[in-house]
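File shown: protein.cif. Contents: mmCIF, C-alpha atoms.
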data_my_file
loop_
_atom_site.label_atom_id
_atom_site.label_comp_id
_atom_site.auth_asym_id
_atom_site.auth_seq_id
_atom_site.Cartn_x
_atom_site.Cartn_y
_atom_site.Cartn_z
CA MET Y 23 -39.27 29.58 4.12
CA THR Y 24 -36.77 31.80 2.29
CA VAL Y 25 -33.90 29.95 0.67
CA ASP Y 26 -31.24 31.73 -1.38
CA ILE Y 27 -29.82 29.98 -4.43
CA ARG Y 28 -26.44 30.52 -6.09
CA TYR Y 29 -25.70 28.86 -9.41
CA LEU Y 30 -22.44 26.96 -9.88
CA ASP Y 31 -20.67 25.35 -12.86
CA ASP Y 32 -22.11 22.03 -11.74
CA GLY Y 33 -25.40 22.56 -9.91
CA CYS Y 34 -26.14 25.12 -7.24
CA LYS Y 35 -25.73 26.10 -3.59
CA LEU Y 36 -28.72 26.62 -1.31
CA GLU Y 37 -28.68 28.79 1.82
CA ASP Y 38 -31.45 28.55 4.41
CA SER Y 39 -30.36 31.24 6.89
CA ALA Y 40 -33.47 30.89 9.06
CA TRP Y 41 -32.54 27.31 10.01
CA GLY Y 42 -28.77 27.58 9.62
CA ILE Y 43 -28.75 25.02 6.82
CA SER Y 44 -26.93 25.07 3.49
CA ALA Y 45 -26.13 22.54 0.79
CA ARG Y 46 -24.24 22.25 -2.45
CA ILE Y 47 -26.08 20.14 -5.03
CA ASN Y 48 -24.61 18.91 -8.31
CA SER Y 49 -26.47 19.04 -11.61
CA GLN Y 50 -27.71 15.46 -11.12
CA GLY Y 51 -29.40 16.50 -7.89
CA TYR Y 52 -27.06 14.73 -5.43
CA TRP Y 53 -25.96 16.71 -2.40
CA CYS Y 54 -22.18 17.12 -2.21
CA SER Y 55 -21.91 19.13 1.00
CA PHE Y 56 -24.53 19.71 3.69
CA ARG Y 57 -24.21 22.05 6.65
CA VAL Y 58 -26.62 21.89 9.60
CA GLY Y 59 -25.66 24.41 12.28
CA GLN Y 60 -22.12 23.55 13.38
CA HIS Y 61 -22.08 20.20 11.55
CA PHE Y 62 -20.56 20.21 8.08
CA TYR Y 63 -20.93 16.99 6.09
CA ARG Y 64 -19.32 16.02 2.79
CA LEU Y 65 -20.26 13.13 0.56
CA CYS Y 66 -17.45 11.03 -0.93
CA MET Y 67 -17.62 9.23 -4.26
CA ASP Y 68 -17.38 5.87 -2.47
CA GLY Y 69 -20.56 6.64 -0.49
CA LEU Y 70 -18.77 7.58 2.72
CA VAL Y 71 -19.96 10.71 4.54
CA VAL Y 72 -17.40 12.63 6.58
CA VAL Y 73 -17.91 15.46 9.05
CA GLY Y 74 -15.82 18.44 10.14
CA VAL Y 75 -12.45 19.81 9.09
CA ASP Y 76 -10.77 16.52 10.00
CA ALA Y 77 -13.16 14.63 7.67
CA VAL Y 78 -14.14 12.09 10.33
CA PRO Y 79 -16.03 9.21 8.65
CA LEU Y 80 -19.53 8.40 9.86
CA SER Y 81 -20.90 4.92 10.49
CA GLU Y 82 -23.32 3.37 8.02
CA GLY Y 83 -26.25 4.19 10.30
CA GLN Y 84 -25.12 7.81 10.66
CA VAL Y 85 -24.72 8.11 6.87
CA MET Y 86 -28.32 6.95 6.42
CA ALA Y 87 -29.48 9.50 8.99
CA VAL Y 88 -27.70 12.37 7.22
CA HIS Y 89 -29.20 11.39 3.85
CA LYS Y 90 -32.69 11.29 5.39
CA GLN Y 91 -32.17 14.62 7.14
CA TYR Y 92 -31.07 16.21 3.88
CA LEU Y 93 -34.02 14.74 1.94
CA ARG Y 94 -36.53 16.00 4.51
CA TRP Y 95 -35.05 19.48 4.29
CA VAL Y 96 -34.75 19.73 0.51
CA ASN Y 97 -38.30 18.43 0.05
CA SER Y 98 -39.55 21.22 2.31
CA ILE Y 99 -38.14 23.87 -0.04
CA SER Y 100 -40.37 25.65 -2.54
CA LEU Y 101 -38.10 26.67 -5.39
CA ALA Y 102 -38.88 26.57 -9.10
CA ASN Y 103 -35.51 25.10 -9.98
CA GLU Y 104 -34.87 21.90 -11.96
CA THR Y 105 -31.74 20.94 -9.98
CA VAL Y 106 -33.66 21.20 -6.71
CA ALA Y 107 -36.52 19.23 -8.27
CA ARG Y 108 -34.08 16.48 -9.29
CA SER Y 109 -32.71 16.40 -5.75
CA CYS Y 110 -36.20 16.01 -4.33
CA ARG Y 111 -36.88 13.04 -6.60
CA LEU Y 112 -33.83 11.14 -5.34
CA SER Y 113 -33.99 8.60 -2.51
CA VAL Y 114 -31.45 6.99 -0.20
CA ALA Y 115 -31.48 4.04 -2.61
CA ASP Y 116 -30.35 6.37 -5.42
CA TYR Y 117 -27.32 7.39 -3.36
CA LYS Y 118 -26.46 3.73 -2.85
CA GLN Y 119 -26.75 3.11 -6.58
CA LEU Y 120 -24.41 6.04 -7.27
CA THR Y 121 -21.85 4.42 -4.97
CA GLU Y 122 -22.20 1.14 -6.86
CA ARG Y 123 -21.62 2.94 -10.18
CA TYR Y 124 -18.48 4.56 -8.77
CA ARG Y 125 -17.12 1.18 -7.68
CA ARG Y 126 -17.74 -0.28 -11.11
CA VAL Y 127 -15.86 2.59 -12.76
CA TYR Y 128 -13.05 2.45 -10.17
CA PRO Y 129 -12.84 -1.16 -8.92
CA GLU Y 130 -9.57 -0.26 -7.18
CA GLU Y 131 -11.10 2.99 -5.88
CA VAL Y 132 -9.26 6.31 -5.92
CA ALA Y 133 -6.74 5.83 -3.11
CA ILE Y 134 -4.80 9.11 -3.13
CA LEU Y 135 -4.30 12.33 -5.08
CA PRO Y 136 -1.92 15.25 -4.56
CA PRO Y 137 -3.67 17.82 -2.33
CA ASP Y 138 -3.78 20.53 -5.01
CA ARG Y 139 -5.55 18.12 -7.38
CA TYR Y 140 -8.29 16.77 -5.09
CA GLY Y 141 -10.95 18.17 -7.42
CA ASP Y 142 -9.58 16.52 -10.56
CA VAL Y 143 -11.45 13.93 -12.55
CA VAL Y 144 -9.52 10.66 -12.26
CA ILE Y 145 -8.82 8.49 -15.29
CA ALA Y 146 -7.28 5.07 -14.62
CA PRO Y 147 -5.40 3.74 -17.68
CA ALA Y 148 -3.60 1.42 -15.27
CA THR Y 149 -4.20 0.14 -11.76
CA GLY Y 150 -1.88 -0.95 -9.00
CA CYS Y 151 1.84 -0.35 -8.64
CA PRO Y 152 4.83 -1.91 -10.45
CA ASN Y 153 7.01 -1.54 -7.33
CA ARG Y 154 4.93 -2.66 -4.33
CA ARG Y 155 7.98 -2.74 -2.06
CA CYS Y 156 7.56 0.58 -0.25
CA THR Y 157 7.52 -0.21 3.45
CA PHE Y 158 5.23 2.72 4.29
CA CYS Y 159 2.63 2.25 1.53
CA ALA Y 160 -0.94 1.66 2.63
CA PHE Y 161 -2.46 1.85 -0.85
CA TYR Y 162 -0.80 -0.43 -3.39
CA ARG Y 163 1.35 -3.11 -1.72
CA GLU Y 164 -1.16 -5.87 -2.49
CA LYS Y 165 -2.18 -4.54 -5.91
CA PRO Y 166 -0.24 -5.78 -8.97
CA TYR Y 167 0.19 -3.41 -11.88
CA ARG Y 168 -2.33 -3.89 -14.70
CA VAL Y 169 -2.69 -1.81 -17.84
CA LEU Y 170 -6.00 -1.31 -19.69
CA GLY Y 171 -6.03 -2.20 -23.37
CA GLU Y 172 -7.17 0.45 -25.83
CA ARG Y 173 -10.76 -0.82 -26.07
CA ALA Y 174 -11.03 -1.09 -22.29
CA LEU Y 175 -9.64 2.44 -21.89
CA VAL Y 176 -12.20 3.89 -24.31
CA ASP Y 177 -14.97 2.10 -22.38
CA HIS Y 178 -13.52 3.41 -19.11
CA LEU Y 179 -13.64 7.00 -20.41
CA ALA Y 180 -17.29 6.54 -21.42
CA ASP Y 181 -18.08 5.20 -17.93
CA VAL Y 182 -16.30 8.17 -16.34
CA GLU Y 183 -18.35 10.57 -18.46
CA ARG Y 184 -21.61 8.93 -17.39
CA LEU Y 185 -20.56 8.91 -13.74
CA TYR Y 186 -19.55 12.57 -13.50
CA CYS Y 187 -21.89 14.24 -16.00
CA GLY Y 188 -21.96 17.94 -15.11
CA LYS Y 189 -18.87 17.80 -12.93
CA LEU Y 190 -16.83 17.51 -16.10
CA GLN Y 191 -17.88 21.04 -17.02
CA GLY Y 192 -16.42 22.54 -13.86
CA ALA Y 193 -13.42 20.28 -13.26
CA ARG Y 194 -10.10 22.06 -13.65
CA GLY Y 195 -7.96 19.05 -14.42
CA VAL Y 196 -7.54 15.32 -14.97
CA PHE Y 197 -5.31 13.03 -12.95
CA LEU Y 198 -4.11 9.68 -14.25
CA GLY Y 199 -4.23 6.80 -11.79
CA SER Y 200 -3.11 4.71 -10.15
CA ALA Y 201 0.39 4.65 -8.64
CA ASN Y 202 2.50 5.17 -11.78
CA ALA Y 203 0.82 6.10 -15.06
CA LEU Y 204 4.26 6.97 -16.47
CA ALA Y 205 5.05 3.24 -16.47
CA LEU Y 206 2.81 3.06 -19.55
CA SER Y 207 4.65 2.84 -22.85
CA GLN Y 208 4.89 6.02 -24.86
CA ARG Y 209 2.33 4.70 -27.35
CA ARG Y 210 -0.20 3.77 -24.68
CA LEU Y 211 0.21 7.02 -22.74
CA ALA Y 212 -0.05 9.13 -25.90
CA PHE Y 213 -3.20 7.20 -26.88
CA CYS Y 214 -4.69 7.85 -23.43
CA LEU Y 215 -4.00 11.59 -23.63
CA ASP Y 216 -5.44 11.75 -27.15
CA GLN Y 217 -8.63 10.01 -26.03
CA ILE Y 218 -9.03 12.32 -23.03
CA ARG Y 219 -8.78 15.39 -25.27
CA LYS Y 220 -11.10 13.84 -27.87
CA ARG Y 221 -13.83 13.03 -25.34
CA PHE Y 222 -13.46 15.80 -22.76
CA ASP Y 223 -11.62 18.55 -24.66
CA VAL Y 224 -8.96 20.53 -22.74
CA PHE Y 225 -8.99 21.15 -19.00
CA LYS Y 226 -7.63 24.42 -17.60
CA ARG Y 227 -5.02 22.67 -15.47
CA GLY Y 228 -4.33 19.90 -17.97
CA VAL Y 229 -3.39 16.36 -16.99
CA GLY Y 230 -1.30 15.26 -14.02
CA ALA Y 231 0.07 11.81 -13.19
CA PHE Y 232 2.10 9.94 -10.60
CA ALA Y 233 5.53 8.79 -11.77
CA ASP Y 234 8.11 6.46 -10.27
CA PRO Y 235 11.31 7.01 -12.30
CA ASP Y 236 12.68 3.59 -11.35
CA PHE Y 237 9.62 1.84 -12.82
CA SER Y 238 8.72 4.20 -15.67
CA ALA Y 239 9.24 3.82 -19.39
CA ARG Y 240 12.45 5.39 -20.69
CA ARG Y 241 11.68 8.49 -22.76
CA THR Y 242 13.65 10.78 -24.97
CA ASP Y 243 13.36 14.55 -24.62
CA GLN Y 244 11.28 14.53 -27.79
CA GLU Y 245 8.85 12.02 -26.27
CA TRP Y 246 8.48 14.16 -23.14
CA CYS Y 247 7.65 17.13 -25.38
CA GLU Y 248 5.08 14.99 -27.20
CA LEU Y 249 3.33 14.25 -23.89
CA LYS Y 250 3.30 17.98 -23.09
CA GLU Y 251 1.73 18.74 -26.48
CA LYS Y 252 -0.96 16.14 -25.80
CA GLY Y 253 -1.97 17.71 -22.48
CA LEU Y 254 0.32 16.37 -19.74
CA ARG Y 255 1.19 19.26 -17.43
CA GLN Y 256 2.47 17.78 -14.16
CA ILE Y 257 4.16 14.65 -12.87
CA VAL Y 258 4.25 13.78 -9.17
CA ILE Y 259 7.14 11.67 -7.90
CA GLY Y 260 7.30 9.92 -4.54
CA LEU Y 261 10.81 11.05 -3.67
CA GLU Y 262 10.14 10.59 0.09
CA THR Y 263 13.71 11.64 0.95
CA GLY Y 264 16.84 12.85 -0.80
CA TRP Y 265 18.97 10.60 1.40
CA GLY Y 266 19.72 7.51 -0.69
CA GLU Y 267 20.49 5.24 2.26
CA LEU Y 268 17.17 6.03 3.95
CA ARG Y 269 15.28 5.82 0.68
CA GLU Y 270 16.55 2.27 0.21
CA LYS Y 271 15.31 1.32 3.68
CA LEU Y 272 11.88 2.65 2.68
CA GLY Y 273 11.71 0.19 -0.22
CA LYS Y 274 12.80 2.53 -3.01
CA SER Y 275 16.02 2.79 -4.96
CA GLY Y 276 18.87 4.37 -3.07
CA ASP Y 277 20.32 5.49 -6.40
CA LEU Y 278 18.68 8.78 -7.37
CA THR Y 279 20.12 8.88 -10.89
CA LYS Y 280 16.81 8.05 -12.57
CA ALA Y 281 14.95 10.53 -10.38
CA PHE Y 282 17.33 13.32 -11.40
CA ALA Y 283 17.00 12.38 -15.07
CA CYS Y 284 13.20 12.24 -14.90
CA VAL Y 285 12.92 15.65 -13.25
CA ARG Y 286 15.38 17.17 -15.72
CA SER Y 287 13.57 15.79 -18.75
CA ALA Y 288 10.11 16.74 -17.49
CA LYS Y 289 11.15 20.30 -16.73
CA HIS Y 290 13.01 20.60 -20.03
CA ALA Y 291 9.72 19.73 -21.75
CA GLY Y 292 7.92 22.45 -19.77
CA LEU Y 293 6.14 20.22 -17.24
CA ASN Y 294 5.72 21.07 -13.57
CA VAL Y 295 7.04 18.59 -11.03
CA GLY Y 296 5.63 17.56 -7.67
CA LEU Y 297 7.72 15.66 -5.11
CA THR Y 298 6.42 14.00 -1.96
CA ILE Y 299 8.69 14.22 1.09
CA LEU Y 300 8.04 12.05 4.14
CA THR Y 301 8.67 13.24 7.68
CA GLY Y 302 9.00 10.85 10.58
CA ALA Y 303 10.88 8.32 8.44
CA THR Y 304 13.76 8.60 10.92
CA GLY Y 305 13.98 9.18 14.64
CA PRO Y 306 14.92 12.59 16.07
CA ASP Y 307 18.64 11.73 16.09
CA SER Y 308 18.74 11.42 12.28
CA SER Y 309 16.14 14.04 11.40
CA ASP Y 310 18.63 16.81 10.61
CA GLU Y 311 20.78 14.49 8.50
CA ASN Y 312 17.71 13.50 6.51
CA LEU Y 313 16.75 17.14 6.04
CA HIS Y 314 20.24 18.18 4.91
CA ASN Y 315 20.51 15.31 2.41
CA THR Y 316 17.06 16.07 1.08
CA ILE Y 317 17.87 19.76 0.64
CA ASP Y 318 21.08 18.88 -1.22
CA THR Y 319 19.10 16.66 -3.59
CA LEU Y 320 16.40 19.26 -4.18
CA ILE Y 321 18.96 21.97 -4.92
CA GLN Y 322 20.44 19.76 -7.64
CA MET Y 323 16.98 19.35 -9.17
CA ALA Y 324 16.72 23.13 -9.74
CA LEU Y 325 13.02 23.36 -8.93
CA THR Y 326 11.05 26.48 -9.83
CA SER Y 327 7.94 28.28 -8.58
CA GLY Y 328 5.69 26.05 -10.67
CA ASP Y 329 6.88 22.97 -8.79
CA ILE Y 330 5.51 21.67 -5.48
CA LEU Y 331 6.93 19.79 -2.50
CA TYR Y 332 4.25 17.76 -0.72
CA LEU Y 333 5.42 17.41 2.88
CA SER Y 334 3.62 14.54 4.56
CA PRO Y 335 4.15 12.84 7.95
CA LEU Y 336 4.66 9.09 7.81
CA ASN Y 337 1.46 7.15 8.43
CA ASP Y 338 2.06 3.85 10.22
CA ASN Y 339 -1.11 1.75 10.01
CA GLY Y 340 -3.30 4.80 10.51
CA PHE Y 341 -1.11 6.31 13.24
CA VAL Y 342 0.90 9.50 12.75
CA SER Y 343 3.47 10.08 15.49
CA GLU Y 344 4.13 13.37 17.24
CA GLU Y 345 7.70 13.13 15.98
CA ALA Y 346 6.48 13.00 12.37
CA ILE Y 347 4.33 16.10 12.91
CA LYS Y 348 7.22 17.85 14.65
CA GLN Y 349 9.53 17.09 11.73
CA GLN Y 350 6.91 18.32 9.27
CA ARG Y 351 6.84 21.68 11.06
CA HIS Y 352 10.65 21.79 11.16
CA PHE Y 353 11.18 20.78 7.53
CA ALA Y 354 8.69 23.19 5.97
CA PRO Y 355 10.49 26.53 6.55
CA ALA Y 356 13.89 24.99 5.77
CA LEU Y 357 12.62 23.64 2.43
CA ARG Y 358 10.97 26.95 1.56
CA GLN Y 359 14.26 28.72 2.16
CA ALA Y 360 16.30 26.20 0.15
CA THR Y 361 14.13 25.89 -2.97
CA ASN Y 362 11.88 27.98 -5.18
CA ALA Y 363 9.18 25.29 -5.18
CA ARG Y 364 6.02 25.73 -3.16
CA VAL Y 365 5.84 23.63 0.00
CA ILE Y 366 2.46 22.15 0.91
CA SER Y 367 1.99 20.32 4.21
CA TYR Y 368 -0.68 17.63 4.29
CA GLN Y 369 -1.53 14.20 5.65
CA MET Y 370 -2.18 11.43 3.12
CA GLN Y 371 -4.53 9.48 5.38
CA ARG Y 372 -7.00 12.40 5.39
CA PHE Y 373 -7.55 12.18 1.64
CA ARG Y 374 -11.14 11.71 0.51
CA TYR Y 375 -12.39 11.70 -3.06
CA PHE Y 376 -15.34 14.03 -2.67
CA MET Y 377 -18.40 14.42 -4.86
#
Can you dump the structure from the file as structure tokens?
Amino acid sequence: MTVDIRYLDDGCKLEDSAWGISARINSQGYWCSFRVGQHFYRLCMDGLVVVGVDAVPLSEGQVMAVHKQYLRWVNSISLANETVARSCRLSVADYKQLTERYRRVYPEEVAILPPDRYGDVVIAPATGCPNRRCTFCAFYREKPYRVLGERALVDHLADVERLYCGKLQGARGVFLGSANALALSQRRLAFCLDQIRKRFDVFKRGVGAFADPDFSARRTDQEWCELKEKGLRQIVIGLETGWGELREKLGKSGDLTKAFACVRSAKHAGLNVGLTILTGATGPDSSDENLHNTIDTLIQMALTSGDILYLSPLNDNGFVSEEAIKQQRHFAPALRQATNARVISYQMQRFRYFM
């Protein structure tokens, strides 16, 4: 059997062209992706295995079958490579133990990340959400906001390092969880950024974080600049809509004053800004009014090419309507024409935190 090997920052990729099989293996020996003919599987940090471009989750029995199929294949390979040897020594039980370690490090789990930061290492200096009133939220409505103390944060960073090992070498960025890391006080957030740099050094893409201006700590321009100096590079705000009346119906403040101030201060400090925009939050009769109000708001924010608009159809208990998809397609070109920010279309419910 001839198997080609390509070395990666964290592990390697194996190609078995004779059988139409390939796999990406991390430096610990765990498979991260596994292709068998037309079936492409990916392993998530929570132990879930998904298949195909739509990331359809497999049942527990199917997950076990994929692990066993992979182990049979990798153990049939004759390669003098330590990563492959590690992979051969693992069992299905080892994969279960990895899942248990992940859940200890992230008891809340990693619910969502911006689509351009799916590969980031997640640090959770706080969990939950200080708002919890968003009518559309499927992630944090039942999760009160809790902040880790300094000792607990240091322990958390050590646990993250042990969990990821080699992945830390190839990761491009860090993202601070959960729903609103900017609600941390300036002292706590600065301490967190200092500890990340001390333990992990500097990531190419720096640190990103979710921010809700209505539930974030008030900061001076000097404090924003301090966060930039300590590694913060991007904040992501759930704007959802620029139409205040609709925003209030969605469980957020209809007064956008704090959102404007937050964007202005962040950009003045040299940070990039991401804004999520929901489609399908209104029926077809109000869609254009929502779009026009949102465009007016975005124009006032003076976004640049380093900023991103995340355009996502509303997910109602796992269901995305055709109207929401239609609005997503309609909004995207209009937003690209109205602002200098990049526009990325995605669906939140498809997020998976992959190995």
* **For stretch 188-202 of chain Y: contacts at 6 Å, all atoms listed in the file, fewer than 4 positions along chain excluded, given as JSON, numbers by chain** => {"Y": [31, 32, 49, 142, 143, 144, 145, 146, 149, 150, 151, 225, 226, 227, 228, 229, 230, 231, 232, 233, 234]}
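When all atoms listed in the file are used to measure the gap to Y:Asp223, the shortest distance among Y:Leu120, Y:Thr361, Y:Gly253, Y:Asp177 belongs to Y:Gly253.
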* Asked: Looking at all atoms listed in the file, which of Y:Cys247, Y:Leu80, Y:Ala203, Y:Ile257 is the one that sits closest to Y:Gly292?
  ->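 Going through Y:Cys247, Y:Leu80, Y:Ala203, Y:Ile257 one by one, the smallest distance to Y:Gly292 is for Y:Cys247.
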* Name the residues in contact with Y:Met377 at a cut-off of 6 Å, using all atoms listed in the file, excluding same-chain residues fewer than 6 positions from it; report them as a list in words. =>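 Once the adjacent positions are removed, what remains is Cys54, Leu65, Cys66 and Met67 of chain Y.
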* **Exercise: Y:Ala354 partners within 8 Å, only C-alpha atoms, chain neighbours under 3 positions left out, as a list of chain:residue names** =>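 In the requested form, the answer reads Y:Leu333, Y:Gln350, Y:Arg351, Y:Leu357, Y:Arg358, Y:Val365, Y:Ser367.
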List as a CSV table (one decimal) with C-alpha atoms, in the coordinates of the input the protein and nucleic acid residues near Y:Thr316, meaning an atom at most 8 Å away when only C-alpha atoms are counted, but skip any in the same chain fewer than 6 places from it.
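Just written: part.csv:
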chain,number,residue,atom,x,y,z
Y,263,THR,CA,13.7,11.6,1.0
Y,264,GLY,CA,16.8,12.8,-0.8
Y,265,TRP,CA,19.0,10.6,1.4
* To do: Might you pull out every residue within 6 Å of Y:Arg46, with all atoms listed in the file counted and same-chain residues fewer than 2 positions away left off, and present them as a PyMOL selection string?
  => chain Y and resi 34-35+53-55
* Residues matched by the PyMOL selection byres ((chain Y and resi 297-309) around 10) as a VMD selection string -> chain Y and resid 136 158 232 to 233 257 to 264 268 to 269 271 to 272 285 295 to 296 310 to 314 316 320 329 to 338 342 to 353 363 365 to 367 369
Preceding selection exported with C-alpha atoms as a PDB file, in the coordinates of the input:
ATOM      1  CA  PRO Y 136      -1.920  15.250  -4.560  1.00  0.00           C
ATOM      2  CA  PHE Y 158       5.230   2.720   4.290  1.00  0.00           C
ATOM      3  CA  PHE Y 232       2.100   9.940 -10.600  1.00  0.00           C
ATOM      4  CA  ALA Y 233       5.530   8.790 -11.770  1.00  0.00           C
ATOM      5  CA  ILE Y 257       4.160  14.650 -12.870  1.00  0.00           C
ATOM      6  CA  VAL Y 258       4.250  13.780  -9.170  1.00  0.00           C
ATOM      7  CA  ILE Y 259       7.140  11.670  -7.900  1.00  0.00           C
ATOM      8  CA  GLY Y 260       7.300   9.920  -4.540  1.00  0.00           C
ATOM      9  CA  LEU Y 261      10.810  11.050  -3.670  1.00  0.00           C
ATOM     10  CA  GLU Y 262      10.140  10.590   0.090  1.00  0.00           C
ATOM     11  CA  THR Y 263      13.710  11.640   0.950  1.00  0.00           C
ATOM     12  CA  GLY Y 264      16.840  12.850  -0.800  1.00  0.00           C
ATOM     13  CA  LEU Y 268      17.170   6.030   3.950  1.00  0.00           C
ATOM     14  CA  ARG Y 269      15.280   5.820   0.680  1.00  0.00           C
ATOM     15  CA  LYS Y 271      15.310   1.320   3.680  1.00  0.00           C
ATOM     16  CA  LEU Y 272      11.880   2.650   2.680  1.00  0.00           C
ATOM     17  CA  VAL Y 285      12.920  15.650 -13.250  1.00  0.00           C
ATOM     18  CA  VAL Y 295       7.040  18.590 -11.030  1.00  0.00           C
ATOM     19  CA  GLY Y 296       5.630  17.560  -7.670  1.00  0.00           C
ATOM     20  CA  ASP Y 310      18.630  16.810  10.610  1.00  0.00           C
ATOM     21  CA  GLU Y 311      20.780  14.490   8.500  1.00  0.00           C
ATOM     22  CA  ASN Y 312      17.710  13.500   6.510  1.00  0.00           C
ATOM     23  CA  LEU Y 313      16.750  17.140   6.040  1.00  0.00           C
ATOM     24  CA  HIS Y 314      20.240  18.180   4.910  1.00  0.00           C
ATOM     25  CA  THR Y 316      17.060  16.070   1.080  1.00  0.00           C
ATOM     26  CA  LEU Y 320      16.400  19.260  -4.180  1.00  0.00           C
ATOM     27  CA  ASP Y 329       6.880  22.970  -8.790  1.00  0.00           C
ATOM     28  CA  ILE Y 330       5.510  21.670  -5.480  1.00  0.00           C
ATOM     29  CA  LEU Y 331       6.930  19.790  -2.500  1.00  0.00           C
ATOM     30  CA  TYR Y 332       4.250  17.760  -0.720  1.00  0.00           C
ATOM     31  CA  LEU Y 333       5.420  17.410   2.880  1.00  0.00           C
ATOM     32  CA  SER Y 334       3.620  14.540   4.560  1.00  0.00           C
ATOM     33  CA  PRO Y 335       4.150  12.840   7.950  1.00  0.00           C
ATOM     34  CA  LEU Y 336       4.660   9.090   7.810  1.00  0.00           C
ATOM     35  CA  ASN Y 337       1.460   7.150   8.430  1.00  0.00           C
ATOM     36  CA  ASP Y 338       2.060   3.850  10.220  1.00  0.00           C
ATOM     37  CA  VAL Y 342       0.900   9.500  12.750  1.00  0.00           C
ATOM     38  CA  SER Y 343       3.470  10.080  15.490  1.00  0.00           C
ATOM     39  CA  GLU Y 344       4.130  13.370  17.240  1.00  0.00           C
ATOM     40  CA  GLU Y 345       7.700  13.130  15.980  1.00  0.00           C
ATOM     41  CA  ALA Y 346       6.480  13.000  12.370  1.00  0.00           C
ATOM     42  CA  ILE Y 347       4.330  16.100  12.910  1.00  0.00           C
ATOM     43  CA  LYS Y 348       7.220  17.850  14.650  1.00  0.00           C
ATOM     44  CA  GLN Y 349       9.530  17.090  11.730  1.00  0.00           C
ATOM     45  CA  GLN Y 350       6.910  18.320   9.270  1.00  0.00           C
ATOM     46  CA  ARG Y 351       6.840  21.680  11.060  1.00  0.00           C
ATOM     47  CA  HIS Y 352      10.650  21.790  11.160  1.00  0.00           C
ATOM     48  CA  PHE Y 353      11.180  20.780   7.530  1.00  0.00           C
ATOM     49  CA  ALA Y 363       9.180  25.290  -5.180  1.00  0.00           C
ATOM     50  CA  VAL Y 365       5.840  23.630   0.000  1.00  0.00           C
ATOM     51  CA  ILE Y 366       2.460  22.150   0.910  1.00  0.00           C
ATOM     52  CA  SER Y 367       1.990  20.320   4.210  1.00  0.00           C
ATOM     53  CA  GLN Y 369      -1.530  14.200   5.650  1.00  0.00           C
TER      54      GLN Y 369
END
* Figure out the distance between atom CA of Y:Cys110 and atom CA of Y:Ser98, please, to one decimal in Å. =>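 Result for atom CA of Y:Ser98 versus atom CA of Y:Cys110: 9.1 Å, one decimal.
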Run the PyMOL selection byres ((chain Y and resi 290) around 12) on the file and write out the hits as a CSV table (one decimal) with C-alpha atoms, keeping the file's coordinate frame.
chain,number,residue,atom,x,y,z
Y,242,THR,CA,13.6,10.8,-25.0
Y,243,ASP,CA,13.4,14.6,-24.6
Y,244,GLN,CA,11.3,14.5,-27.8
Y,245,GLU,CA,8.8,12.0,-26.3
Y,246,TRP,CA,8.5,14.2,-23.1
Y,247,CYS,CA,7.6,17.1,-25.4
Y,250,LYS,CA,3.3,18.0,-23.1
Y,283,ALA,CA,17.0,12.4,-15.1
Y,284,CYS,CA,13.2,12.2,-14.9
Y,285,VAL,CA,12.9,15.6,-13.2
Y,286,ARG,CA,15.4,17.2,-15.7
Y,287,SER,CA,13.6,15.8,-18.8
Y,288,ALA,CA,10.1,16.7,-17.5
Y,289,LYS,CA,11.2,20.3,-16.7
Y,291,ALA,CA,9.7,19.7,-21.8
Y,292,GLY,CA,7.9,22.4,-19.8
Y,293,LEU,CA,6.1,20.2,-17.2
Y,294,ASN,CA,5.7,21.1,-13.6
Y,295,VAL,CA,7.0,18.6,-11.0
Y,323,MET,CA,17.0,19.4,-9.2
Y,324,ALA,CA,16.7,23.1,-9.7
Y,325,LEU,CA,13.0,23.4,-8.9
Y,326,THR,CA,11.0,26.5,-9.8
Where does the PyMOL selection byres ((chain Y and resi 45) around 10) land in this file, that is, which residues does it pick, as a PDB file with C-alpha atoms, in the frame of the given file?
ATOM      1  CA  ILE Y  27     -29.820  29.980  -4.430  1.00  0.00           C
ATOM      2  CA  CYS Y  34     -26.140  25.120  -7.240  1.00  0.00           C
ATOM      3  CA  LYS Y  35     -25.730  26.100  -3.590  1.00  0.00           C
ATOM      4  CA  LEU Y  36     -28.720  26.620  -1.310  1.00  0.00           C
ATOM      5  CA  GLU Y  37     -28.680  28.790   1.820  1.00  0.00           C
ATOM      6  CA  ASP Y  38     -31.450  28.550   4.410  1.00  0.00           C
ATOM      7  CA  ILE Y  43     -28.750  25.020   6.820  1.00  0.00           C
ATOM      8  CA  SER Y  44     -26.930  25.070   3.490  1.00  0.00           C
ATOM      9  CA  ARG Y  46     -24.240  22.250  -2.450  1.00  0.00           C
ATOM     10  CA  ILE Y  47     -26.080  20.140  -5.030  1.00  0.00           C
ATOM     11  CA  ASN Y  48     -24.610  18.910  -8.310  1.00  0.00           C
ATOM     12  CA  TRP Y  53     -25.960  16.710  -2.400  1.00  0.00           C
ATOM     13  CA  CYS Y  54     -22.180  17.120  -2.210  1.00  0.00           C
ATOM     14  CA  SER Y  55     -21.910  19.130   1.000  1.00  0.00           C
ATOM     15  CA  PHE Y  56     -24.530  19.710   3.690  1.00  0.00           C
ATOM     16  CA  ARG Y  57     -24.210  22.050   6.650  1.00  0.00           C
ATOM     17  CA  VAL Y  58     -26.620  21.890   9.600  1.00  0.00           C
ATOM     18  CA  PHE Y  62     -20.560  20.210   8.080  1.00  0.00           C
ATOM     19  CA  TYR Y  63     -20.930  16.990   6.090  1.00  0.00           C
ATOM     20  CA  ARG Y  64     -19.320  16.020   2.790  1.00  0.00           C
ATOM     21  CA  TYR Y  92     -31.070  16.210   3.880  1.00  0.00           C
ATOM     22  CA  VAL Y  96     -34.750  19.730   0.510  1.00  0.00           C
TER      23      VAL Y  96
END
